[in-house]
file protein_3.txt (compact mmCIF, N, CA and C atoms)
# COMPACT_ATOMS: atom_id res chain seq x y z
N MET A 1 -36.08 -101.56 -89.27
CA MET A 1 -36.00 -102.97 -88.88
C MET A 1 -35.13 -103.06 -87.62
N ASP A 2 -35.65 -103.69 -86.59
CA ASP A 2 -34.86 -103.80 -85.36
C ASP A 2 -33.84 -104.94 -85.49
N VAL A 3 -32.97 -105.04 -84.51
CA VAL A 3 -31.85 -105.98 -84.57
C VAL A 3 -32.33 -107.43 -84.64
N ARG A 4 -33.43 -107.76 -83.98
CA ARG A 4 -33.93 -109.15 -84.03
C ARG A 4 -34.46 -109.49 -85.41
N GLN A 5 -35.08 -108.53 -86.07
CA GLN A 5 -35.57 -108.75 -87.44
C GLN A 5 -34.40 -108.91 -88.41
N ARG A 6 -33.35 -108.10 -88.23
CA ARG A 6 -32.16 -108.22 -89.08
C ARG A 6 -31.49 -109.57 -88.87
N LEU A 7 -31.37 -109.98 -87.60
CA LEU A 7 -30.79 -111.28 -87.29
C LEU A 7 -31.59 -112.39 -87.98
N ALA A 8 -32.90 -112.34 -87.84
CA ALA A 8 -33.76 -113.37 -88.42
C ALA A 8 -33.60 -113.44 -89.94
N ALA A 9 -33.64 -112.28 -90.58
CA ALA A 9 -33.54 -112.24 -92.05
C ALA A 9 -32.18 -112.73 -92.53
N ASN A 10 -31.11 -112.26 -91.88
CA ASN A 10 -29.76 -112.67 -92.29
C ASN A 10 -29.51 -114.15 -92.02
N MET A 11 -29.98 -114.62 -90.88
CA MET A 11 -29.80 -116.03 -90.53
C MET A 11 -30.51 -116.93 -91.54
N LYS A 12 -31.74 -116.58 -91.87
CA LYS A 12 -32.51 -117.37 -92.82
C LYS A 12 -31.87 -117.34 -94.21
N ARG A 13 -31.42 -116.15 -94.64
CA ARG A 13 -30.77 -116.02 -95.94
C ARG A 13 -29.50 -116.86 -96.02
N LEU A 14 -28.65 -116.76 -95.01
CA LEU A 14 -27.40 -117.52 -95.01
C LEU A 14 -27.66 -119.03 -94.93
N ARG A 15 -28.64 -119.41 -94.15
CA ARG A 15 -28.99 -120.83 -94.03
C ARG A 15 -29.46 -121.37 -95.38
N LYS A 16 -30.32 -120.62 -96.06
CA LYS A 16 -30.84 -121.06 -97.35
C LYS A 16 -29.76 -121.07 -98.42
N GLU A 17 -28.81 -120.11 -98.36
CA GLU A 17 -27.69 -120.09 -99.31
C GLU A 17 -26.87 -121.37 -99.22
N ARG A 18 -26.83 -121.95 -98.04
CA ARG A 18 -26.09 -123.20 -97.83
C ARG A 18 -26.95 -124.42 -98.12
N GLY A 19 -28.21 -124.19 -98.39
CA GLY A 19 -29.11 -125.31 -98.67
C GLY A 19 -29.49 -126.10 -97.43
N TRP A 20 -29.40 -125.45 -96.27
CA TRP A 20 -29.67 -126.12 -95.01
C TRP A 20 -31.11 -125.92 -94.56
N SER A 21 -31.65 -126.92 -93.92
CA SER A 21 -32.93 -126.80 -93.23
C SER A 21 -32.66 -126.17 -91.87
N GLN A 22 -33.73 -125.81 -91.18
CA GLN A 22 -33.58 -125.32 -89.82
C GLN A 22 -32.97 -126.41 -88.94
N GLU A 23 -33.35 -127.64 -89.20
CA GLU A 23 -32.82 -128.76 -88.41
C GLU A 23 -31.31 -128.92 -88.62
N ALA A 24 -30.86 -128.76 -89.87
CA ALA A 24 -29.42 -128.88 -90.16
C ALA A 24 -28.65 -127.78 -89.45
N LEU A 25 -29.15 -126.56 -89.48
CA LEU A 25 -28.49 -125.46 -88.78
C LEU A 25 -28.48 -125.72 -87.28
N ALA A 26 -29.60 -126.17 -86.76
CA ALA A 26 -29.68 -126.47 -85.33
C ALA A 26 -28.65 -127.52 -84.94
N ASP A 27 -28.51 -128.56 -85.74
CA ASP A 27 -27.52 -129.61 -85.46
C ASP A 27 -26.10 -129.03 -85.46
N GLU A 28 -25.80 -128.21 -86.46
CA GLU A 28 -24.46 -127.61 -86.56
C GLU A 28 -24.16 -126.68 -85.39
N ALA A 29 -25.19 -125.98 -84.91
CA ALA A 29 -25.00 -125.01 -83.83
C ALA A 29 -25.19 -125.62 -82.45
N GLY A 30 -25.65 -126.87 -82.40
CA GLY A 30 -25.90 -127.50 -81.11
C GLY A 30 -27.12 -126.94 -80.40
N LEU A 31 -28.13 -126.55 -81.20
CA LEU A 31 -29.35 -125.99 -80.66
C LEU A 31 -30.55 -126.83 -81.10
N ASP A 32 -31.70 -126.55 -80.53
CA ASP A 32 -32.91 -127.24 -80.92
C ASP A 32 -33.52 -126.58 -82.16
N ARG A 33 -34.11 -127.39 -83.04
CA ARG A 33 -34.71 -126.85 -84.25
C ARG A 33 -35.79 -125.83 -83.94
N THR A 34 -36.57 -126.06 -82.89
CA THR A 34 -37.63 -125.12 -82.56
C THR A 34 -37.07 -123.78 -82.10
N TYR A 35 -35.86 -123.80 -81.54
CA TYR A 35 -35.23 -122.54 -81.13
C TYR A 35 -34.79 -121.75 -82.36
N ILE A 36 -34.22 -122.43 -83.34
CA ILE A 36 -33.84 -121.79 -84.61
C ILE A 36 -35.08 -121.20 -85.26
N SER A 37 -36.15 -121.96 -85.29
CA SER A 37 -37.41 -121.48 -85.85
C SER A 37 -37.90 -120.23 -85.11
N GLY A 38 -37.81 -120.25 -83.81
CA GLY A 38 -38.23 -119.10 -83.01
C GLY A 38 -37.42 -117.85 -83.29
N ILE A 39 -36.13 -118.02 -83.50
CA ILE A 39 -35.28 -116.87 -83.83
C ILE A 39 -35.69 -116.32 -85.19
N GLU A 40 -35.88 -117.20 -86.17
CA GLU A 40 -36.23 -116.76 -87.52
C GLU A 40 -37.63 -116.14 -87.59
N ARG A 41 -38.50 -116.51 -86.67
CA ARG A 41 -39.85 -115.93 -86.62
C ARG A 41 -39.92 -114.73 -85.68
N VAL A 42 -38.79 -114.35 -85.10
CA VAL A 42 -38.65 -113.21 -84.19
C VAL A 42 -39.55 -113.36 -82.95
N VAL A 43 -39.67 -114.58 -82.47
CA VAL A 43 -40.40 -114.80 -81.22
C VAL A 43 -39.45 -115.18 -80.08
N LYS A 44 -38.21 -115.47 -80.41
CA LYS A 44 -37.18 -115.75 -79.41
C LYS A 44 -36.19 -114.59 -79.42
N ASN A 45 -35.63 -114.31 -78.26
CA ASN A 45 -34.64 -113.26 -78.11
C ASN A 45 -33.33 -113.92 -77.67
N PRO A 46 -32.51 -114.35 -78.64
CA PRO A 46 -31.32 -115.13 -78.29
C PRO A 46 -30.25 -114.28 -77.60
N THR A 47 -29.47 -114.94 -76.77
CA THR A 47 -28.32 -114.28 -76.14
C THR A 47 -27.22 -114.13 -77.18
N ILE A 48 -26.25 -113.31 -76.87
CA ILE A 48 -25.12 -113.12 -77.78
C ILE A 48 -24.33 -114.42 -77.93
N THR A 49 -24.34 -115.25 -76.91
CA THR A 49 -23.68 -116.55 -76.98
C THR A 49 -24.34 -117.44 -78.02
N VAL A 50 -25.66 -117.42 -78.06
CA VAL A 50 -26.39 -118.21 -79.06
C VAL A 50 -26.13 -117.66 -80.45
N VAL A 51 -26.12 -116.34 -80.59
CA VAL A 51 -25.84 -115.72 -81.89
C VAL A 51 -24.45 -116.14 -82.36
N GLU A 52 -23.49 -116.18 -81.45
CA GLU A 52 -22.14 -116.61 -81.81
C GLU A 52 -22.14 -118.06 -82.28
N ARG A 53 -22.87 -118.93 -81.61
CA ARG A 53 -22.95 -120.34 -82.02
C ARG A 53 -23.53 -120.48 -83.42
N VAL A 54 -24.55 -119.68 -83.72
CA VAL A 54 -25.16 -119.70 -85.05
C VAL A 54 -24.16 -119.20 -86.09
N ALA A 55 -23.46 -118.12 -85.77
CA ALA A 55 -22.47 -117.57 -86.69
C ALA A 55 -21.37 -118.59 -86.98
N LEU A 56 -20.87 -119.24 -85.95
CA LEU A 56 -19.84 -120.26 -86.14
C LEU A 56 -20.35 -121.41 -87.01
N ALA A 57 -21.59 -121.82 -86.77
CA ALA A 57 -22.18 -122.91 -87.56
C ALA A 57 -22.31 -122.50 -89.02
N LEU A 58 -22.65 -121.24 -89.27
CA LEU A 58 -22.82 -120.76 -90.64
C LEU A 58 -21.49 -120.34 -91.27
N GLY A 59 -20.44 -120.30 -90.47
CA GLY A 59 -19.12 -119.92 -91.00
C GLY A 59 -19.03 -118.45 -91.35
N CYS A 60 -19.68 -117.62 -90.55
CA CYS A 60 -19.64 -116.18 -90.81
C CYS A 60 -19.35 -115.46 -89.50
N GLY A 61 -19.10 -114.18 -89.59
CA GLY A 61 -18.88 -113.38 -88.40
C GLY A 61 -20.19 -112.90 -87.81
N LEU A 62 -20.12 -112.43 -86.58
CA LEU A 62 -21.32 -111.89 -85.93
C LEU A 62 -21.92 -110.74 -86.74
N GLY A 63 -21.07 -109.93 -87.32
CA GLY A 63 -21.54 -108.78 -88.10
C GLY A 63 -22.41 -109.19 -89.28
N ALA A 64 -22.11 -110.32 -89.88
CA ALA A 64 -22.91 -110.78 -91.02
C ALA A 64 -24.33 -111.10 -90.60
N LEU A 65 -24.51 -111.48 -89.36
CA LEU A 65 -25.86 -111.78 -88.87
C LEU A 65 -26.58 -110.54 -88.36
N LEU A 66 -25.84 -109.56 -87.89
CA LEU A 66 -26.47 -108.40 -87.24
C LEU A 66 -26.56 -107.16 -88.11
N ASP A 67 -25.82 -107.11 -89.21
CA ASP A 67 -25.85 -105.92 -90.09
C ASP A 67 -27.06 -105.94 -90.99

call {"tool": "encode", "arguments": {"input": "protein_3.txt", "output": "structure tokens"}}
result
Amino acid sequence: MDVRQRLAANMKRLRKERGWSQEALADEAGLDRTYISGIERVVKNPTITVVERVALALGCGLGALLD
């Protein structure tokens, strides 16, 4: 599994654990819902800055999203 697939799987798992929709995560991270969807579908290649925003919104470290 490449890093984008791991990011997508971990992001989706953590989002669902919190009971959040993609829209709720997008709002918390200051991103567009379609961008969150694109990351989770592995069609977007987010920058490390975007990954950090998602991690902060989810209340986890970068490692939790990338491991």

call {"tool": "atom_distance", "arguments": {"input": "protein_3.txt", "atom1": "atom CA of Ala57 of chain A", "atom2": "atom CA of Ala29 of chain A"}}
result
5.1 Å

call {"tool": "atom_distance", "arguments": {"input": "protein_3.txt", "atom1": "atom CA of Ala8 of chain A", "atom2": "atom CA of Glu40 of chain A"}}
result
4.3 Å

call {"tool": "residues_around", "arguments": {"input": "protein_3.txt", "residues": "segment 20-27 of chain A", "least_positions_apart": "6", "cutoff": "7 Å", "atoms": "only C-alpha atoms", "output": "tab-separated table (two decimals) with N, CA and C atoms, in the frame of the given file"}}
result
chain	number	residue	atom	x	y	z
A	33	ARG	N	-34.11	-127.39	-83.04
A	33	ARG	CA	-34.71	-126.85	-84.25
A	33	ARG	C	-35.79	-125.83	-83.94
A	36	ILE	N	-34.22	-122.43	-83.34
A	36	ILE	CA	-33.84	-121.79	-84.61
A	36	ILE	C	-35.08	-121.20	-85.26
A	37	SER	N	-36.15	-121.96	-85.29
A	37	SER	CA	-37.41	-121.48	-85.85
A	37	SER	C	-37.90	-120.23	-85.11
A	57	ALA	N	-21.59	-121.82	-86.77
A	57	ALA	CA	-22.18	-122.91	-87.56
A	57	ALA	C	-22.31	-122.50	-89.02

call {"tool": "closest_residue", "arguments": {"input": "protein_3.txt", "among": "A:Asp67, A:Ile48, A:Cys60, A:Met1", "to": "Leu14 of chain A", "atoms": "only C-alpha atoms"}}
result
A:Cys60

call {"tool": "residues_around", "arguments": {"input": "protein_3.txt", "residues": "segment 53-55 of chain A", "least_positions_apart": "3", "cutoff": "8 Å", "atoms": "all atoms listed in the file", "output": "list in words"}}
result
Met11, Leu25, Glu28, Ala29, Gly30, Leu31, Thr47, Ile48, Thr49, Val50, Leu58, Gly59, Cys60, Gly61, Leu62, Gly63, Ala64 and Leu65 of chain A

call {"tool": "axis_aligned_box", "arguments": {"input": "protein_3.txt", "around": "segment 28-34 of chain A", "padding_each_side": "4 Å", "output": "JSON"}}
result
{"center_x": -30.9, "center_y": -126.0, "center_z": -83.5, "size_x": 21.5, "size_y": 12.4, "size_z": 14.2}

call {"tool": "select_by_dssp", "arguments": {"input": "protein_3.txt", "residues": "chain A", "states": "alpha helix (DSSP H)", "output": "PyMOL selection string"}}
result
chain A and resi 3-17+22-29+33-40+48-58+62-66

call {"tool": "build_atoms", "arguments": {"input": "protein_3.txt", "residues": "segment 22-33 of chain A", "atoms": "N, CA, C and O atoms", "output": "PDB file, in the coordinates of the input"}}
result
ATOM      1  N   GLN A  22     -33.730-125.810 -91.180  1.00  0.00           N
ATOM      2  CA  GLN A  22     -33.580-125.320 -89.820  1.00  0.00           C
ATOM      3  C   GLN A  22     -32.970-126.410 -88.940  1.00  0.00           C
ATOM      4  O   GLN A  22     -32.150-126.130 -88.069  1.00  0.00           O
ATOM      5  N   GLU A  23     -33.350-127.640 -89.200  1.00  0.00           N
ATOM      6  CA  GLU A  23     -32.820-128.760 -88.410  1.00  0.00           C
ATOM      7  C   GLU A  23     -31.310-128.920 -88.620  1.00  0.00           C
ATOM      8  O   GLU A  23     -30.562-129.163 -87.670  1.00  0.00           O
ATOM      9  N   ALA A  24     -30.860-128.760 -89.870  1.00  0.00           N
ATOM     10  CA  ALA A  24     -29.420-128.880 -90.160  1.00  0.00           C
ATOM     11  C   ALA A  24     -28.650-127.780 -89.450  1.00  0.00           C
ATOM     12  O   ALA A  24     -27.591-128.048 -88.856  1.00  0.00           O
ATOM     13  N   LEU A  25     -29.150-126.560 -89.480  1.00  0.00           N
ATOM     14  CA  LEU A  25     -28.490-125.460 -88.780  1.00  0.00           C
ATOM     15  C   LEU A  25     -28.480-125.720 -87.280  1.00  0.00           C
ATOM     16  O   LEU A  25     -27.462-125.525 -86.614  1.00  0.00           O
ATOM     17  N   ALA A  26     -29.600-126.170 -86.760  1.00  0.00           N
ATOM     18  CA  ALA A  26     -29.680-126.470 -85.330  1.00  0.00           C
ATOM     19  C   ALA A  26     -28.650-127.520 -84.940  1.00  0.00           C
ATOM     20  O   ALA A  26     -27.961-127.376 -83.919  1.00  0.00           O
ATOM     21  N   ASP A  27     -28.510-128.560 -85.740  1.00  0.00           N
ATOM     22  CA  ASP A  27     -27.520-129.610 -85.460  1.00  0.00           C
ATOM     23  C   ASP A  27     -26.100-129.030 -85.460  1.00  0.00           C
ATOM     24  O   ASP A  27     -25.305-129.332 -84.576  1.00  0.00           O
ATOM     25  N   GLU A  28     -25.800-128.210 -86.460  1.00  0.00           N
ATOM     26  CA  GLU A  28     -24.460-127.610 -86.560  1.00  0.00           C
ATOM     27  C   GLU A  28     -24.160-126.680 -85.390  1.00  0.00           C
ATOM     28  O   GLU A  28     -23.028-126.610 -84.927  1.00  0.00           O
ATOM     29  N   ALA A  29     -25.190-125.980 -84.910  1.00  0.00           N
ATOM     30  CA  ALA A  29     -25.000-125.010 -83.830  1.00  0.00           C
ATOM     31  C   ALA A  29     -25.190-125.620 -82.450  1.00  0.00           C
ATOM     32  O   ALA A  29     -24.949-124.952 -81.439  1.00  0.00           O
ATOM     33  N   GLY A  30     -25.650-126.870 -82.400  1.00  0.00           N
ATOM     34  CA  GLY A  30     -25.900-127.500 -81.110  1.00  0.00           C
ATOM     35  C   GLY A  30     -27.120-126.940 -80.400  1.00  0.00           C
ATOM     36  O   GLY A  30     -27.147-126.830 -79.166  1.00  0.00           O
ATOM     37  N   LEU A  31     -28.130-126.550 -81.200  1.00  0.00           N
ATOM     38  CA  LEU A  31     -29.350-125.990 -80.660  1.00  0.00           C
ATOM     39  C   LEU A  31     -30.550-126.830 -81.100  1.00  0.00           C
ATOM     40  O   LEU A  31     -30.418-127.684 -81.976  1.00  0.00           O
ATOM     41  N   ASP A  32     -31.700-126.550 -80.530  1.00  0.00           N
ATOM     42  CA  ASP A  32     -32.910-127.240 -80.920  1.00  0.00           C
ATOM     43  C   ASP A  32     -33.520-126.580 -82.160  1.00  0.00           C
ATOM     44  O   ASP A  32     -33.460-125.361 -82.303  1.00  0.00           O
ATOM     45  N   ARG A  33     -34.110-127.390 -83.040  1.00  0.00           N
ATOM     46  CA  ARG A  33     -34.710-126.850 -84.250  1.00  0.00           C
ATOM     47  C   ARG A  33     -35.790-125.830 -83.940  1.00  0.00           C
ATOM     48  O   ARG A  33     -35.919-124.815 -84.628  1.00  0.00           O
TER      49      ARG A  33
END
